$ cat target-v7.txt   # compact mmCIF, C-alpha atoms
# COMPACT_ATOMS: atom_id res chain seq x y z
CA MET A 1250 2.49 -18.24 5.52
CA LYS A 1251 3.26 -18.99 9.18
CA LYS A 1252 6.81 -17.75 8.70
CA LEU A 1253 5.54 -14.56 7.08
CA MET A 1254 3.12 -13.97 9.96
CA MET A 1255 5.89 -14.41 12.53
CA MET A 1256 8.07 -12.00 10.57
CA ALA A 1257 5.27 -9.43 10.55
CA VAL A 1258 4.81 -9.73 14.31
CA MET A 1259 8.49 -9.00 14.86
CA MET A 1260 8.28 -5.78 12.85
CA MET A 1261 7.06 -3.74 15.78
CA ALA A 1262 10.38 -4.23 17.54
CA THR A 1263 12.69 -4.06 14.55
CA VAL A 1264 11.52 -1.37 12.14
CA CYS A 1265 10.78 2.30 12.92
CA ALA A 1266 7.63 1.59 14.88
CA SER A 1267 7.39 5.15 16.13
CA ALA A 1268 8.08 7.00 12.86
CA GLN A 1269 6.65 10.50 12.76
CA LYS A 1270 4.33 11.58 9.96
CA ASP A 1271 5.92 13.38 7.03
CA THR A 1272 4.02 16.64 6.58
CA THR A 1273 5.84 17.64 3.38
CA PRO A 1274 3.34 18.08 0.52
CA VAL A 1275 3.27 15.07 -1.82
CA ASP A 1276 4.35 15.85 -5.37
CA ALA A 1277 2.12 13.32 -7.13
CA TYR A 1278 3.05 12.13 -10.60
CA PHE A 1279 -0.53 12.57 -11.84
CA THR A 1280 -3.69 14.27 -10.63
CA THR A 1281 -6.84 12.29 -9.83
CA GLY A 1282 -8.35 13.46 -13.12
CA GLU A 1283 -5.38 12.14 -15.07
CA MET A 1284 -5.71 8.63 -13.63
CA PRO A 1285 -7.80 5.93 -15.36
CA ASP A 1286 -11.47 6.44 -14.47
CA MET A 1287 -12.70 3.27 -12.74
CA ILE A 1288 -16.32 4.20 -13.39
CA LYS A 1289 -15.69 3.66 -17.09
CA TRP A 1290 -13.77 0.37 -17.04
CA ALA A 1291 -13.95 -1.41 -13.68
CA PRO A 1292 -16.90 -3.61 -12.66
CA ALA A 1293 -19.46 -2.03 -10.35
CA PRO A 1294 -19.91 -3.48 -6.84
CA PRO A 1295 -22.16 -6.58 -6.91
CA ASP A 1296 -25.84 -6.21 -6.15
CA THR A 1297 -27.27 -7.71 -2.97
CA VAL A 1298 -29.11 -10.65 -4.54
CA GLY A 1299 -26.58 -12.39 -6.79
CA ALA A 1300 -23.88 -15.01 -6.35
CA ALA A 1301 -21.13 -12.39 -6.17
CA PHE A 1302 -22.66 -10.84 -3.06
CA ALA A 1303 -23.21 -14.27 -1.55
CA PHE A 1304 -19.47 -14.84 -1.91
CA ASP A 1305 -18.84 -11.45 -0.28
CA ILE A 1306 -20.88 -12.61 2.71
CA MET A 1307 -18.99 -15.92 2.87
CA GLN A 1308 -15.68 -14.07 2.90
CA TYR A 1309 -16.94 -11.71 5.59
CA MET A 1310 -17.67 -14.77 7.72
CA TRP A 1311 -14.19 -16.10 6.91
CA GLY A 1312 -12.71 -12.82 8.13
CA LYS A 1313 -14.61 -13.09 11.41
CA GLU A 1314 -13.35 -16.64 11.85
CA MET A 1315 -9.77 -15.48 11.29
CA ARG A 1316 -10.12 -13.14 14.27
CA ASN A 1317 -9.83 -16.22 16.46
CA ASP A 1318 -6.19 -16.41 15.38
CA LYS A 1319 -4.84 -13.66 17.66
CA GLU A 1320 -1.55 -13.43 15.80
CA ARG A 1321 -3.27 -12.81 12.48
CA ALA A 1322 -5.87 -10.52 14.05
CA ASP A 1323 -3.10 -8.36 15.55
CA ILE A 1324 -1.52 -8.00 12.12
CA ALA A 1325 -4.89 -6.97 10.66
CA ILE A 1326 -5.27 -4.31 13.35
CA ARG A 1327 -1.79 -2.96 12.61
CA ASP A 1328 -2.55 -2.91 8.89
CA ALA A 1329 -5.62 -0.78 9.60
CA GLU A 1330 -3.33 2.17 10.37
CA TYR A 1331 -3.63 3.88 7.01
CA GLY A 1332 -0.63 5.68 5.58
CA LEU A 1333 3.01 5.55 4.56
CA GLU A 1334 4.25 4.99 8.12
CA CYS A 1335 2.39 1.68 8.27
CA ILE A 1336 3.66 0.64 4.83
CA ILE A 1337 7.26 1.34 5.81
CA ARG A 1338 6.89 -0.49 9.11
CA GLU A 1339 5.24 -3.56 7.64
CA PHE A 1340 7.10 -3.86 4.33
CA SER A 1341 10.70 -3.03 5.24
CA GLU A 1342 11.58 -6.54 6.37
CA PRO A 1343 9.91 -8.34 3.43
CA PHE A 1344 11.68 -5.81 1.19
CA GLY A 1345 15.03 -6.72 2.73
CA LEU A 1346 16.07 -3.20 3.73
CA LYS A 1347 14.88 -0.72 6.34
CA ILE A 1348 13.19 2.15 4.54
CA SER A 1349 13.35 5.67 5.94
CA LYS A 1350 13.42 9.26 4.74
CA GLU A 1351 16.88 9.68 6.26
CA GLU A 1352 18.63 6.43 5.30
CA THR A 1353 16.97 5.64 1.95
CA PRO A 1354 15.70 9.00 0.66
CA GLU A 1355 15.35 7.93 -2.99
CA ILE A 1356 13.36 4.79 -2.17
CA TYR A 1357 11.29 6.73 0.35
CA LYS A 1358 10.52 9.44 -2.20
CA VAL A 1359 9.34 7.12 -4.97
CA LEU A 1360 7.35 5.02 -2.48
CA ARG A 1361 5.64 8.06 -0.96
CA GLU A 1362 4.82 9.84 -4.20
CA GLY A 1363 4.10 6.65 -6.14
CA THR A 1364 1.61 5.17 -3.68
CA ALA A 1365 -0.09 8.54 -3.18
CA THR A 1366 -0.58 8.83 -6.93
CA CYS A 1367 -1.96 5.29 -7.18
CA ASP A 1368 -4.28 5.90 -4.24
CA SER A 1369 -6.02 8.75 -6.05
CA ILE A 1370 -7.55 6.32 -8.56
CA CYS A 1371 -10.12 5.27 -5.94
CA THR A 1372 -11.36 8.78 -5.15
CA ILE A 1373 -14.04 8.92 -7.87
CA PRO A 1374 -15.54 5.40 -7.46
CA LYS A 1375 -15.70 5.69 -3.67
CA ARG A 1376 -17.79 8.84 -3.96
CA TYR A 1377 -19.84 7.52 -6.89
CA TYR A 1378 -20.89 4.18 -5.38
CA MET A 1379 -20.79 5.03 -1.64
CA ARG A 1380 -21.14 1.32 -0.92
CA LYS A 1381 -22.07 0.30 2.61
CA ARG A 1382 -19.37 -1.56 4.48
CA PRO A 1383 -20.05 -5.04 5.88
CA PHE A 1384 -20.02 -3.96 9.53
CA MET A 1385 -22.69 -1.38 8.67
CA ARG A 1386 -24.92 -3.88 6.88
CA PHE A 1387 -24.67 -6.48 9.66
CA HIS A 1388 -24.70 -3.93 12.51
CA GLU A 1389 -21.57 -5.49 14.00
CA GLN A 1390 -18.34 -4.10 15.38
CA THR A 1391 -15.01 -4.19 13.59
CA LEU A 1392 -11.62 -4.91 15.14
CA THR A 1393 -10.96 -1.16 14.95
CA PRO A 1394 -14.07 0.45 16.48
CA ASP A 1395 -12.44 3.87 16.84
CA GLU A 1396 -12.23 4.12 13.04
CA GLU A 1397 -15.86 3.22 12.38
CA PRO A 1398 -17.30 6.78 12.45
CA ALA A 1399 -14.91 7.84 9.67
CA LEU A 1400 -15.45 4.64 7.71
CA ARG A 1401 -19.21 5.17 7.71
CA LYS A 1402 -18.72 8.40 5.76
CA ASN A 1403 -16.35 6.81 3.23
CA GLY A 1404 -17.45 4.41 0.50
CA SER A 1405 -16.37 0.80 0.78
CA TYR A 1406 -15.64 0.22 -2.92
CA PRO A 1407 -12.81 -0.10 -3.74
CA SER A 1408 -10.65 -0.65 -0.65
CA GLY A 1409 -8.19 2.22 -0.23
CA HIS A 1410 -6.04 0.24 2.20
CA THR A 1411 -5.74 -2.64 -0.26
CA LEU A 1412 -4.89 -0.25 -3.09
CA LEU A 1413 -2.14 1.29 -0.97
CA GLY A 1414 -0.71 -2.07 0.08
CA TRP A 1415 -0.77 -3.65 -3.36
CA SER A 1416 0.70 -0.62 -5.15
CA ALA A 1417 3.46 -0.52 -2.51
CA ALA A 1418 4.13 -4.22 -3.08
CA LEU A 1419 4.36 -3.72 -6.85
CA LEU A 1420 6.70 -0.76 -6.45
CA LEU A 1421 9.02 -2.44 -3.95
CA THR A 1422 9.09 -5.59 -6.07
CA GLU A 1423 10.34 -3.55 -9.00
CA ILE A 1424 13.18 -2.21 -6.85
CA ASN A 1425 14.08 -5.61 -5.37
CA PRO A 1426 12.73 -8.37 -7.66
CA ASP A 1427 14.75 -11.01 -5.81
CA ARG A 1428 12.35 -10.61 -2.86
CA ALA A 1429 9.22 -10.55 -5.04
CA ASP A 1430 7.63 -13.61 -3.42
CA THR A 1431 7.94 -12.22 0.10
CA ILE A 1432 6.93 -8.67 -0.81
CA LEU A 1433 3.88 -9.75 -2.80
CA ALA A 1434 2.81 -12.20 -0.09
CA ARG A 1435 2.84 -9.33 2.42
CA GLY A 1436 0.91 -7.19 -0.05
CA LEU A 1437 -1.80 -9.83 -0.28
CA MET A 1438 -1.94 -10.12 3.50
CA TYR A 1439 -2.37 -6.37 3.74
CA GLY A 1440 -5.52 -6.53 1.63
CA ASP A 1441 -6.86 -9.62 3.37
CA SER A 1442 -6.53 -7.75 6.65
CA ARG A 1443 -9.46 -5.58 5.58
CA LEU A 1444 -11.69 -8.66 5.54
CA ILE A 1445 -10.47 -9.76 8.94
CA VAL A 1446 -11.01 -6.31 10.44
CA GLY A 1447 -14.50 -6.29 8.95
CA ALA A 1448 -14.16 -3.00 7.09
CA HIS A 1449 -14.43 -4.31 3.52
CA TRP A 1450 -16.06 -6.89 1.28
CA GLN A 1451 -14.00 -9.30 -0.81
CA SER A 1452 -15.16 -7.55 -3.99
CA ASP A 1453 -13.82 -4.25 -2.57
CA VAL A 1454 -10.43 -5.86 -2.07
CA ASN A 1455 -10.42 -7.51 -5.50
CA ALA A 1456 -11.33 -4.24 -7.22
CA ALA A 1457 -8.57 -2.42 -5.34
CA ARG A 1458 -5.91 -4.87 -6.51
CA LEU A 1459 -7.13 -4.42 -10.08
CA ALA A 1460 -7.09 -0.64 -9.63
CA ALA A 1461 -3.57 -0.72 -8.17
CA ALA A 1462 -2.32 -2.59 -11.23
CA ALA A 1463 -3.93 -0.04 -13.57
CA ALA A 1464 -2.62 2.89 -11.55
CA TYR A 1465 0.88 1.43 -11.42
CA ALA A 1466 0.88 0.99 -15.20
CA LYS A 1467 -0.05 4.67 -15.48
CA LEU A 1468 2.92 5.60 -13.30
CA HIS A 1469 5.24 4.14 -15.90
CA THR A 1470 4.14 6.76 -18.42
CA SER A 1471 5.68 9.48 -16.22
CA GLU A 1472 9.28 10.34 -17.04
CA ARG A 1473 9.66 11.82 -13.57
CA PHE A 1474 8.55 8.56 -11.99
CA LEU A 1475 10.88 6.51 -14.19
CA GLU A 1476 13.81 8.74 -13.24
CA GLN A 1477 12.99 8.50 -9.52
CA MET A 1478 12.63 4.73 -9.83
CA ARG A 1479 16.06 4.60 -11.46
CA LEU A 1480 17.53 6.49 -8.50
CA ALA A 1481 15.71 4.23 -6.04
CA ARG A 1482 17.09 1.06 -7.65
CA GLN A 1483 20.54 2.61 -7.71
CA GLU A 1484 20.27 3.51 -4.04
CA PHE A 1485 19.11 -0.01 -3.22
CA ARG A 1486 22.13 -1.54 -4.94
CA VAL A 1487 24.46 0.77 -3.04
CA LYS A 1488 22.83 0.09 0.33
CA MET A 1489 22.88 -3.68 -0.22
CA GLY A 1490 26.51 -3.70 -1.34
CA LEU A 1491 25.60 -4.80 -4.86
CA ALA A 1492 26.84 -1.74 -6.73
CA THR A 1493 30.12 -1.67 -8.59
CA ILE A 1494 32.73 0.95 -7.75
CA ILE A 1495 31.71 2.90 -10.82
CA GLU A 1496 28.04 2.76 -9.80
CA MET A 1497 28.84 3.90 -6.27
CA LYS A 1498 30.89 6.84 -7.49
CA ALA A 1499 28.17 7.85 -9.94
CA PHE A 1500 25.52 7.62 -7.24
CA LYS A 1501 27.51 9.70 -4.75
CA LYS A 1502 28.24 12.30 -7.42
CA GLU A 1503 24.58 12.55 -8.30
CA GLN A 1504 23.60 12.82 -4.64
CA LYS A 1505 26.02 15.72 -4.10
CA LYS A 1506 24.66 17.44 -7.21
CA ARG A 1507 21.07 17.07 -6.04
CA ALA A 1508 21.94 18.28 -2.53
CA LYS A 1509 23.62 21.35 -3.99
CA LEU A 1510 20.60 22.14 -6.15
CA ALA A 1511 18.25 21.67 -3.18
CA SER A 1512 20.28 24.04 -0.97
CA ALA A 1513 20.29 26.66 -3.71
CA LYS A 1514 16.48 26.83 -3.82
$ encode --input "target-v7.txt" --output "structure tokens"
Amino acid sequence: MKKLMMMAVMMMATVCASAQKDTTPVDAYFTTGEMPDMIKWAPAPPDTVGAAFAFDIMQYMWGKEMRNDKERADIAIRDAEYGLECIIREFSEPFGLKISKEETPEIYKVLREGTATCDSICTIPKRYYMRKRPFMRFHEQTLTPDEEPALRKNGSYPSGHTLLGWSAALLLTEINPDRADTILARGLMYGDSRLIVGAHWQSDVNAARLAAAAAYAKLHTSERFLEQMRLARQEFRVKMGLATIIEMKAFKKEQKKRAKLASAK
């Protein structure tokens, strides 16, 4: 874990720390309405009198204690920057390859559209439950005070950040299974950061990981996703020098064909 934390700290200097936001519309694989409805199958947030909520409080206290570790607290603050830019910055090194729209367009595309699709699974339960966040209940400040006004208007259950991080970890693991341990460890850290920041309860984080798994399974019923994933794995093999000559030629031929079709539109 210490090694992983040190690696994460180094990311600011080594991986596209100043990447600009991609304003191109996301072509999601499914609409929110087509995703599994968490209201119908996922557990509701715990009430405020049972053992589950007592554990939530204990974990909130754990998160506050972890703030004393400046190195880990800094990672949690970085992870609070919601969006693809943060995912690329924080996951490129665990993944084993720098991800970018320019250098790895196929991986970038499936990561962007895949995580956006998975993220939509939390839209309905967030609005339905509108659960109060821990910093609101305890009237305390988070590690990211500037984000608190927006967080107050957004339900705590499930954690959108955790859903994003865990779905990204699952997707990148599928592309590079040899780095599964490192990628998944970073994915877990990403969710735990929400406890350390003070923006989420443990049950929010747990539900988000469950939701990410369900959403990612849904992705695999999309032929378009499966085709893009195939291209992403192919691109990864080429970039890492793992592809055979035949694979490289096929990949380059397909890239030229796609570029020609894109320019014709």
$ closest_residue --input "target-v7.txt" --among "A:Leu1412, A:Leu1346, A:Met1379, A:Ala1322" --to "Ala1456 in chain A" --atoms "only C-alpha atoms"
A:Leu1412
$ closest_residue --input "target-v7.txt" --among "A:Ala1329, A:Ile1324, A:Leu1468, A:Ala1481" --to "Ala1277 in chain A" --atoms "all atoms listed in the file"
A:Leu1468
$ closest_residue --input "target-v7.txt" --among "A:Thr1422, A:Thr1431, A:Thr1366, A:Ser1405" --to "Ala1464 in chain A" --atoms "all atoms listed in the file"
A:Thr1366
$ closest_residue --input "target-v7.txt" --among "A:Asp1276, A:Glu1472, A:Glu1484, A:Asp1453" --to "Ala1301 in chain A" --atoms "all atoms listed in the file"
A:Asp1453
$ closest_residue --input "target-v7.txt" --among "A:Met1497, A:Ile1370, A:Ala1293, A:Ala1418" --to "Asp1430 in chain A" --atoms "only C-alpha atoms"
A:Ala1418
$ axis_aligned_box --input "target-v7.txt" --around "range 1291-1303 of chain A" --padding-each-side "5 Å" --output "AutoDock Vina command-line options"
--center_x -21.5 --center_y -8.2 --center_z -7.6 --size_x 25.2 --size_y 23.6 --size_z 22.1
$ closest_residue --input "target-v7.txt" --among "A:Asp1271, A:Asp1395, A:Leu1510, A:Leu1444" --to "Arg1321 in chain A" --atoms "all atoms listed in the file"
A:Leu1444
$ atom_distance --input "target-v7.txt" --atom1 "CA of Trp1450 in chain A" --atom2 "CA of Cys1335 in chain A"
21.5 Å
$ atom_distance --input "target-v7.txt" --atom1 "CA of Gly1345 in chain A" --atom2 "CA of Leu1413 in chain A"
19.3 Å
$ atom_distance --input "target-v7.txt" --atom1 "CA of Ala1457 in chain A" --atom2 "CA of Ser1408 in chain A"
5.4 Å
